[in-house]
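Asker: What follows is the file entry_31.json, containing JSON, C-alpha atoms:
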[["chain", "number", "residue", "atom", "x", "y", "z"],
["F", 14, "MET", "CA", 102.39, 133.93, 128.35],
["F", 15, "LEU", "CA", 102.86, 130.71, 126.44],
["F", 16, "LEU", "CA", 99.64, 131.41, 124.66],
["F", 17, "ASP", "CA", 100.91, 134.88, 123.73],
["F", 18, "ALA", "CA", 103.62, 133.21, 121.69],
["F", 19, "VAL", "CA", 100.91, 131.42, 119.86],
["F", 20, "ASN", "CA", 98.76, 134.46, 119.21],
["F", 21, "MET", "CA", 101.40, 137.06, 118.49],
["F", 22, "GLU", "CA", 102.35, 137.74, 114.87],
["F", 23, "PHE", "CA", 105.75, 139.11, 114.01],
["F", 24, "SER", "CA", 106.38, 139.98, 110.41],
["F", 25, "PRO", "CA", 103.83, 140.92, 107.78],
["F", 26, "ARG", "CA", 106.33, 140.34, 104.91],
["F", 27, "TYR", "CA", 104.90, 136.95, 104.01],
["F", 28, "HIS", "CA", 101.24, 137.78, 103.64],
["F", 29, "HIS", "CA", 100.43, 138.16, 99.97],
["F", 30, "THR", "CA", 97.17, 139.42, 98.53],
["F", 31, "THR", "CA", 95.28, 137.26, 96.06],
["F", 32, "ASP", "CA", 96.42, 139.57, 93.26],
["F", 33, "MET", "CA", 100.06, 139.16, 94.30],
["F", 34, "LEU", "CA", 99.69, 135.38, 94.37],
["F", 35, "LEU", "CA", 98.03, 135.31, 90.94],
["F", 36, "ASN", "CA", 100.68, 137.60, 89.50],
["F", 37, "GLU", "CA", 103.37, 135.31, 90.90],
["F", 38, "GLN", "CA", 101.56, 132.35, 89.40],
["F", 39, "HIS", "CA", 101.68, 134.01, 85.95],
["F", 40, "ILE", "CA", 105.43, 134.48, 86.31],
["F", 41, "ILE", "CA", 105.85, 130.83, 87.31],
["F", 42, "GLU", "CA", 103.84, 129.69, 84.28],
["F", 43, "ALA", "CA", 106.01, 131.88, 82.05],
["F", 44, "ALA", "CA", 109.17, 130.49, 83.67],
["F", 45, "LYS", "CA", 107.96, 126.97, 82.92],
["F", 46, "GLN", "CA", 108.02, 127.91, 79.22],
["F", 47, "ASN", "CA", 111.23, 129.92, 79.26],
["F", 48, "PRO", "CA", 113.86, 129.94, 82.04],
["F", 49, "GLU", "CA", 114.67, 133.60, 81.29],
["F", 50, "HIS", "CA", 111.27, 134.49, 82.79],
["F", 51, "PHE", "CA", 112.40, 133.14, 86.15],
["F", 52, "ALA", "CA", 114.32, 136.41, 86.74],
["F", 53, "PRO", "CA", 111.62, 138.25, 88.76],
["F", 54, "LEU", "CA", 111.32, 135.31, 91.16],
["F", 55, "TYR", "CA", 115.10, 135.10, 91.49],
["F", 56, "ASP", "CA", 115.33, 138.82, 92.26],
["F", 57, "LYS", "CA", 112.47, 138.71, 94.71],
["F", 58, "TYR", "CA", 113.58, 135.71, 96.73],
["F", 59, "TYR", "CA", 117.39, 135.63, 96.47],
["F", 60, "LYS", "CA", 118.01, 137.58, 99.68],
["F", 61, "GLN", "CA", 115.37, 135.66, 101.64],
["F", 62, "ILE", "CA", 116.72, 132.28, 100.59],
["F", 63, "PHE", "CA", 120.31, 133.32, 101.27],
["F", 64, "GLY", "CA", 119.21, 134.52, 104.72],
["F", 65, "TYR", "CA", 117.50, 131.21, 105.40],
["F", 66, "VAL", "CA", 120.54, 129.18, 104.34],
["F", 67, "TYR", "CA", 123.10, 131.39, 106.12],
["F", 68, "GLN", "CA", 121.02, 131.28, 109.31],
["F", 69, "ARG", "CA", 121.82, 127.56, 109.49],
["F", 70, "MET", "CA", 125.56, 127.58, 108.83],
["F", 71, "ASP", "CA", 128.83, 129.21, 109.66],
["F", 72, "CYS", "CA", 130.52, 129.70, 106.32],
["F", 73, "LYS", "CA", 129.28, 132.61, 104.21],
["F", 74, "GLU", "CA", 130.77, 131.28, 100.96],
["F", 75, "THR", "CA", 129.12, 127.88, 101.45],
["F", 76, "ALA", "CA", 125.83, 129.69, 102.04],
["F", 77, "PHE", "CA", 126.20, 131.60, 98.75],
["F", 78, "ASP", "CA", 127.05, 128.37, 96.88],
["F", 79, "LEU", "CA", 124.11, 126.58, 98.42],
["F", 80, "THR", "CA", 121.75, 129.45, 97.57],
["F", 81, "ALA", "CA", 122.83, 129.17, 93.94],
["F", 82, "GLN", "CA", 122.21, 125.43, 94.17],
["F", 83, "VAL", "CA", 118.71, 126.00, 95.57],
["F", 84, "PHE", "CA", 117.74, 128.26, 92.67],
["F", 85, "LEU", "CA", 119.24, 125.87, 90.13],
["F", 86, "LYS", "CA", 117.20, 123.06, 91.61],
["F", 87, "ALA", "CA", 114.08, 125.24, 91.64],
["F", 88, "LEU", "CA", 114.54, 126.18, 88.00],
["F", 89, "SER", "CA", 115.19, 122.56, 87.04],
["F", 90, "ASN", "CA", 112.05, 121.38, 88.80],
["F", 91, "ILE", "CA", 109.76, 124.29, 88.11],
["F", 92, "GLU", "CA", 107.72, 122.17, 85.69],
["F", 93, "LYS", "CA", 106.70, 120.00, 88.62],
["F", 94, "TYR", "CA", 105.66, 122.99, 90.74],
["F", 95, "GLU", "CA", 101.94, 123.11, 91.47],
["F", 96, "PHE", "CA", 100.27, 126.23, 92.79],
["F", 97, "LYS", "CA", 98.60, 125.46, 96.11],
["F", 98, "GLY", "CA", 97.49, 128.95, 97.03],
["F", 99, "VAL", "CA", 100.62, 129.81, 99.00],
["F", 100, "PRO", "CA", 103.55, 132.00, 97.98],
["F", 101, "PHE", "CA", 106.27, 130.46, 95.82],
["F", 102, "ALA", "CA", 108.70, 131.21, 98.67],
["F", 103, "SER", "CA", 107.46, 128.28, 100.76],
["F", 104, "TRP", "CA", 108.45, 125.88, 97.95],
["F", 105, "LEU", "CA", 111.87, 127.53, 97.74],
["F", 106, "TYR", "CA", 112.31, 127.27, 101.53],
["F", 107, "ARG", "CA", 111.57, 123.56, 101.39],
["F", 108, "ILE", "CA", 114.19, 123.07, 98.68],
["F", 109, "ALA", "CA", 116.62, 125.17, 100.72],
["F", 110, "HIS", "CA", 115.97, 123.10, 103.84],
["F", 111, "SER", "CA", 116.53, 119.83, 102.04],
["F", 112, "GLU", "CA", 119.74, 121.15, 100.43],
["F", 113, "VAL", "CA", 121.06, 122.40, 103.77],
["F", 114, "MET", "CA", 120.32, 119.09, 105.50],
["F", 115, "GLN", "CA", 121.87, 117.16, 102.59],
["F", 116, "MET", "CA", 125.01, 119.30, 102.91],
["F", 117, "PHE", "CA", 125.28, 118.56, 106.63],
["F", 118, "ARG", "CA", 124.89, 114.83, 105.98],
["F", 119, "ASN", "CA", 127.40, 114.71, 103.10],
["F", 120, "ASN", "CA", 130.09, 116.95, 104.50],
["F", 121, "ALA", "CA", 129.70, 116.25, 108.20],
["F", 122, "LYS", "CA", 129.64, 120.00, 108.81],
["F", 123, "LEU", "CA", 128.27, 121.51, 111.97],
["F", 124, "ARG", "CA", 124.61, 122.48, 112.07],
["F", 125, "THR", "CA", 124.68, 126.07, 113.23],
["F", 126, "VAL", "CA", 122.06, 128.06, 115.06],
["F", 127, "ASN", "CA", 122.37, 131.83, 114.89],
["F", 128, "ALA", "CA", 120.46, 134.04, 117.26],
["F", 129, "ASP", "CA", 120.62, 137.38, 119.00],
["F", 130, "VAL", "CA", 120.50, 137.82, 122.74],
["F", 131, "SER", "CA", 117.17, 139.59, 122.27],
["F", 132, "ASP", "CA", 115.77, 136.38, 120.70],
["F", 133, "LEU", "CA", 116.82, 134.37, 123.74],
["F", 134, "ARG", "CA", 115.29, 137.01, 125.98],
["F", 135, "HIS", "CA", 112.08, 136.65, 123.99],
["F", 136, "ILE", "CA", 112.02, 132.86, 124.50],
["F", 137, "CYS", "CA", 112.58, 133.38, 128.24],
["F", 138, "GLU", "CA", 109.64, 135.75, 128.37],
["F", 139, "GLU", "CA", 107.49, 133.26, 126.48],
["F", 140, "VAL", "CA", 108.23, 130.50, 128.97],
["F", 141, "GLU", "CA", 107.46, 132.82, 131.87],
["F", 142, "GLU", "CA", 111.03, 133.01, 133.06],
["F", 143, "GLU", "CA", 112.45, 136.34, 134.01],
["F", 144, "TYR", "CA", 115.42, 136.90, 131.72],
["F", 145, "MET", "CA", 118.89, 136.98, 133.21],
["F", 146, "GLU", "CA", 122.14, 137.06, 131.31],
["F", 147, "GLN", "CA", 123.32, 133.78, 132.80],
["F", 148, "TYR", "CA", 120.31, 132.09, 131.17],
["F", 149, "ASN", "CA", 121.93, 132.50, 127.74],
["F", 150, "GLY", "CA", 124.24, 129.51, 128.21],
["F", 151, "VAL", "CA", 121.49, 127.29, 129.61],
["F", 152, "LEU", "CA", 119.05, 128.28, 126.90],
["F", 153, "MET", "CA", 121.62, 127.67, 124.16],
["F", 154, "THR", "CA", 122.30, 124.19, 125.56],
["F", 155, "VAL", "CA", 118.58, 123.43, 125.77],
["F", 156, "ILE", "CA", 118.00, 124.60, 122.19],
["F", 157, "LYS", "CA", 121.01, 122.67, 120.88],
["F", 158, "GLU", "CA", 119.60, 119.50, 122.42],
["F", 159, "LEU", "CA", 116.28, 119.81, 120.59],
["F", 160, "PRO", "CA", 115.58, 117.38, 117.73],
["F", 161, "GLU", "CA", 115.91, 118.90, 114.24],
["F", 162, "ASP", "CA", 112.17, 119.39, 113.59],
["F", 163, "GLU", "CA", 111.69, 121.19, 116.92],
["F", 164, "LEU", "CA", 114.82, 123.28, 116.48],
["F", 165, "GLN", "CA", 113.51, 124.25, 113.05],
["F", 166, "LEU", "CA", 110.26, 125.51, 114.59],
["F", 167, "ILE", "CA", 112.05, 127.57, 117.26],
["F", 168, "GLU", "CA", 114.37, 129.00, 114.60],
["F", 169, "LEU", "CA", 111.58, 129.94, 112.22],
["F", 170, "ARG", "CA", 109.49, 131.55, 114.93],
["F", 171, "PHE", "CA", 111.94, 133.25, 117.27],
["F", 172, "PHE", "CA", 115.20, 133.71, 115.36],
["F", 173, "GLU", "CA", 113.75, 134.47, 111.94],
["F", 174, "LYS", "CA", 110.56, 136.05, 113.32],
["F", 175, "ARG", "CA", 108.20, 134.42, 110.85],
["F", 176, "ALA", "CA", 104.44, 134.43, 111.02],
["F", 177, "PHE", "CA", 102.66, 131.16, 111.82],
["F", 178, "LYS", "CA", 101.09, 131.14, 108.37],
["F", 179, "GLU", "CA", 104.53, 131.18, 106.78],
["F", 180, "ILE", "CA", 105.90, 128.53, 109.16],
["F", 181, "ALA", "CA", 102.91, 126.31, 108.39],
["F", 182, "ASP", "CA", 103.45, 126.68, 104.64],
["F", 183, "ILE", "CA", 107.17, 125.95, 104.87],
["F", 184, "LEU", "CA", 106.67, 122.87, 107.03],
["F", 185, "GLU", "CA", 103.54, 121.78, 105.13],
["F", 186, "ILE", "CA", 101.42, 121.61, 108.28],
["F", 187, "THR", "CA", 98.38, 123.60, 109.34],
["F", 188, "GLU", "CA", 98.72, 126.87, 111.20],
["F", 189, "THR", "CA", 97.00, 125.34, 114.25],
["F", 190, "ASN", "CA", 99.37, 122.41, 114.17],
["F", 191, "ALA", "CA", 102.35, 124.78, 114.07],
["F", 192, "LYS", "CA", 100.99, 126.68, 117.07],
["F", 193, "VAL", "CA", 100.29, 123.51, 119.06],
["F", 194, "LYS", "CA", 103.73, 122.08, 118.28],
["F", 195, "LEU", "CA", 105.47, 125.29, 119.30],
["F", 196, "TYR", "CA", 103.41, 125.48, 122.48],
["F", 197, "ARG", "CA", 104.51, 121.96, 123.43],
["F", 198, "ILE", "CA", 108.16, 122.69, 122.61],
["F", 199, "LEU", "CA", 108.06, 125.84, 124.75],
["F", 200, "GLU", "CA", 106.55, 123.87, 127.62],
["F", 201, "ARG", "CA", 109.40, 121.37, 127.36],
["F", 202, "VAL", "CA", 111.98, 124.15, 127.09],
["F", 203, "LYS", "CA", 110.49, 125.68, 130.22],
["F", 204, "LYS", "CA", 110.79, 122.40, 132.11],
["F", 205, "LYS", "CA", 114.39, 121.91, 131.01],
["F", 206, "LEU", "CA", 115.26, 125.50, 131.84],
["F", 207, "THR", "CA", 113.81, 125.18, 135.33],
["F", 208, "LYS", "CA", 115.58, 121.85, 135.85],
["F", 209, "LYS", "CA", 118.97, 123.13, 134.70],
["F", 210, "ASN", "CA", 118.66, 126.23, 136.83],
["F", 211, "LYS", "CA", 118.10, 124.27, 140.03],
["Z", 6, "MET", "CA", 124.03, 115.89, 114.28],
["Z", 7, "ALA", "CA", 126.19, 118.21, 116.40],
["Z", 8, "THR", "CA", 124.96, 121.76, 116.69],
["Z", 9, "LYS", "CA", 126.91, 124.97, 117.15],
["Z", 10, "PHE", "CA", 125.37, 128.12, 118.55],
["Z", 11, "ASN", "CA", 126.43, 131.63, 117.48],
["Z", 12, "LEU", "CA", 125.25, 134.69, 119.37],
["Z", 13, "ASN", "CA", 124.89, 138.12, 117.74],
["Z", 14, "ARG", "CA", 126.65, 137.32, 114.47],
["Z", 15, "GLN", "CA", 127.32, 140.21, 112.11],
["Z", 16, "PRO", "CA", 124.67, 140.26, 109.37],
["Z", 17, "VAL", "CA", 125.75, 140.16, 105.74],
["Z", 18, "SER", "CA", 125.30, 143.49, 103.97],
["Z", 19, "ASP", "CA", 122.88, 143.88, 101.07],
["Z", 20, "ASP", "CA", 125.80, 144.94, 98.84],
["Z", 21, "GLU", "CA", 127.63, 141.70, 99.51],
["Z", 22, "ILE", "CA", 124.49, 139.68, 98.85],
["Z", 23, "ASN", "CA", 123.91, 141.54, 95.59],
["Z", 24, "THR", "CA", 127.45, 140.88, 94.36],
["Z", 25, "HIS", "CA", 126.71, 137.15, 94.49],
["Z", 26, "LYS", "CA", 123.37, 137.49, 92.75],
["Z", 27, "ASP", "CA", 123.87, 136.48, 89.13],
["Z", 28, "PHE", "CA", 120.83, 135.41, 87.17],
["Z", 29, "ASP", "CA", 122.73, 134.97, 83.88],
["Z", 30, "LYS", "CA", 125.08, 132.50, 85.57],
["Z", 31, "LEU", "CA", 122.06, 130.58, 86.89],
["Z", 32, "VAL", "CA", 120.45, 130.34, 83.44],
["Z", 33, "LYS", "CA", 123.78, 129.33, 81.89],
["Z", 34, "LYS", "CA", 124.20, 126.55, 84.48],
["Z", 35, "PHE", "CA", 120.60, 125.45, 83.94],
["Z", 36, "LYS", "CA", 121.13, 125.20, 80.17],
["Z", 37, "GLU", "CA", 124.38, 123.26, 80.63],
["Z", 38, "GLN", "CA", 122.61, 120.93, 83.04],
["Z", 39, "SER", "CA", 119.70, 120.43, 80.60],
["Z", 40, "ILE", "CA", 122.11, 119.57, 77.75],
["Z", 41, "GLU", "CA", 123.98, 117.18, 80.03],
["Z", 42, "LYS", "CA", 120.72, 115.53, 81.06],
["Z", 43, "ALA", "CA", 119.54, 115.20, 77.45],
["Z", 44, "ARG", "CA", 122.88, 113.59, 76.56],
["Z", 45, "SER", "CA", 122.68, 111.12, 79.42],
["Z", 46, "ASP", "CA", 119.07, 110.28, 78.44],
["Z", 47, "VAL", "CA", 120.20, 109.55, 74.86],
["Z", 48, "ASN", "CA", 123.13, 107.51, 76.17],
["Z", 49, "PHE", "CA", 120.75, 105.60, 78.42],
["Z", 50, "LEU", "CA", 118.55, 104.67, 75.44],
["Z", 51, "LYS", "CA", 121.60, 103.81, 73.34],
["Z", 52, "ASN", "CA", 122.95, 101.55, 76.04],
["Z", 53, "LYS", "CA", 123.14, 98.00, 74.62],
["Z", 54, "LYS", "CA", 122.33, 96.34, 77.94],
["Z", 55, "ILE", "CA", 119.13, 98.40, 78.25],
["Z", 56, "THR", "CA", 118.13, 97.66, 74.64],
["Z", 57, "TYR", "CA", 118.70, 93.91, 74.92],
["Z", 58, "SER", "CA", 117.04, 93.72, 78.34],
["Z", 59, "THR", "CA", 113.98, 95.53, 76.97],
["Z", 60, "ILE", "CA", 113.80, 93.18, 73.95],
["Z", 61, "ILE", "CA", 114.15, 90.08, 76.17],
["Z", 62, "ALA", "CA", 111.56, 91.38, 78.65],
["Z", 63, "GLY", "CA", 109.18, 92.22, 75.81],
["Z", 64, "ALA", "CA", 109.64, 88.83, 74.19],
["Z", 65, "THR", "CA", 109.07, 87.08, 77.53],
["Z", 66, "ILE", "CA", 105.85, 88.98, 78.14],
["Z", 67, "PHE", "CA", 104.67, 88.29, 74.57],
["Z", 68, "CYS", "CA", 105.43, 84.55, 74.85],
["Z", 69, "THR", "CA", 103.75, 84.29, 78.27],
["Z", 70, "VAL", "CA", 100.60, 86.09, 77.11],
["Z", 71, "THR", "CA", 100.48, 83.99, 73.90],
["Z", 72, "TYR", "CA", 101.04, 80.75, 75.82],
["Z", 73, "PHE", "CA", 98.26, 81.44, 78.30],
["Z", 74, "THR", "CA", 95.88, 82.60, 75.56],
["Z", 75, "VAL", "CA", 96.45, 79.36, 73.61],
["Z", 76, "PHE", "CA", 96.34, 77.24, 76.77],
["Z", 77, "LYS", "CA", 93.05, 78.84, 77.82],
["Z", 78, "ASN", "CA", 91.52, 78.20, 74.37],
["Z", 79, "GLN", "CA", 92.43, 74.48, 74.59]]
Can you give me the file's structure in the form of structure tokens?
Answerer:
Amino acid sequence: MLLDAVNMEFSPRYHHTTDMLLNEQHIIEAAKQNPEHFAPLYDKYYKQIFGYVYQRMDCKETAFDLTAQVFLKALSNIEKYEFKGVPFASWLYRIAHSEVMQMFRNNAKLRTVNADVSDLRHICEEVEEEYMEQYNGVLMTVIKELPEDELQLIELRFFEKRAFKEIADILEITETNAKVKLYRILERVKKKLTKKNK
Amino acid sequence: MATKFNLNRQPVSDDEINTHKDFDKLVKKFKEQSIEKARSDVNFLKNKKITYSTIIAGATIFCTVTYFTVFKNQ
């Protein structure tokens, strides 16, 4: 079952064709010359970036402010952007992640994890545990105790239902590495879950 | 870092997200930021301390290079 988590793909939204990537690259080049040309990228990714930011915090207004900050930072640094054959979104997600973490450090706000019960059920299934409602509390405690990089992986995969390719691009690791890391985290979650249930 | 866990939070509607989407505001902020940055760059170059430090550093390098060139020739 653990291996199923590794092999299963969730959402096809991230997979761009070569034409789509090249078209995006043209827009980026145009935006480097004139900020007004950034509009298509802003329209395309605003909702996704807001979703990413809001997933990690409680306050909606702060999430909107931070999303604006992410795009301002992206526009300010677009000259430094280098096309590496992956969608522009992965660069935006990295900026968003660093902005979110910076906000937590500066304002001592609570890091928030948002999930549905169905997501927790899914994790239970992945770690070969039969899901029961009373597992929710245990699982939430186990997830809260994970270090930030591991929590990030669980969030991206199970709560945001991203494909491994996308996760790898966001975290700047290989797809295999992302799978191996997640496999190890799930093994540890399984151990903790079994221990806490005894 | 302390972590809070929310279960089954209400998602934000597309309408609400779209009301906050404002590309013109973003471009305006970007232009203001660029002007501000250009001003601070000019101020940095106009800063007397920076100017004098650069002159002193340049003179020191010039003197050192000259001294060693002459010394080597002797």
Asker: Residues of chain Z within 8 Å of chain F, counting only C-alpha atoms - could you list those as a list in words?
Answerer: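 That gives the following set of residues: Met6, Ala7, Thr8, Lys9, Phe10, Asn11, Leu12, Asn13, Arg14, Ile22, His25, Lys26, Phe28, Leu31, Val32, Lys34 and Phe35 of chain Z.
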Asker: In Å, how far is it from atom CA of F:Lys205 to atom CA of F:Glu188?
Answerer: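 If I compute the distance from atom CA of F:Lys205 to atom CA of F:Glu188, I get 25.7 Å.
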Asker: With distances taken over only C-alpha atoms, which residue among F:Ile186, F:Ile180, F:Ile167, F:Ala109 lies nearest F:Tyr58?
Answerer: F:Ala109
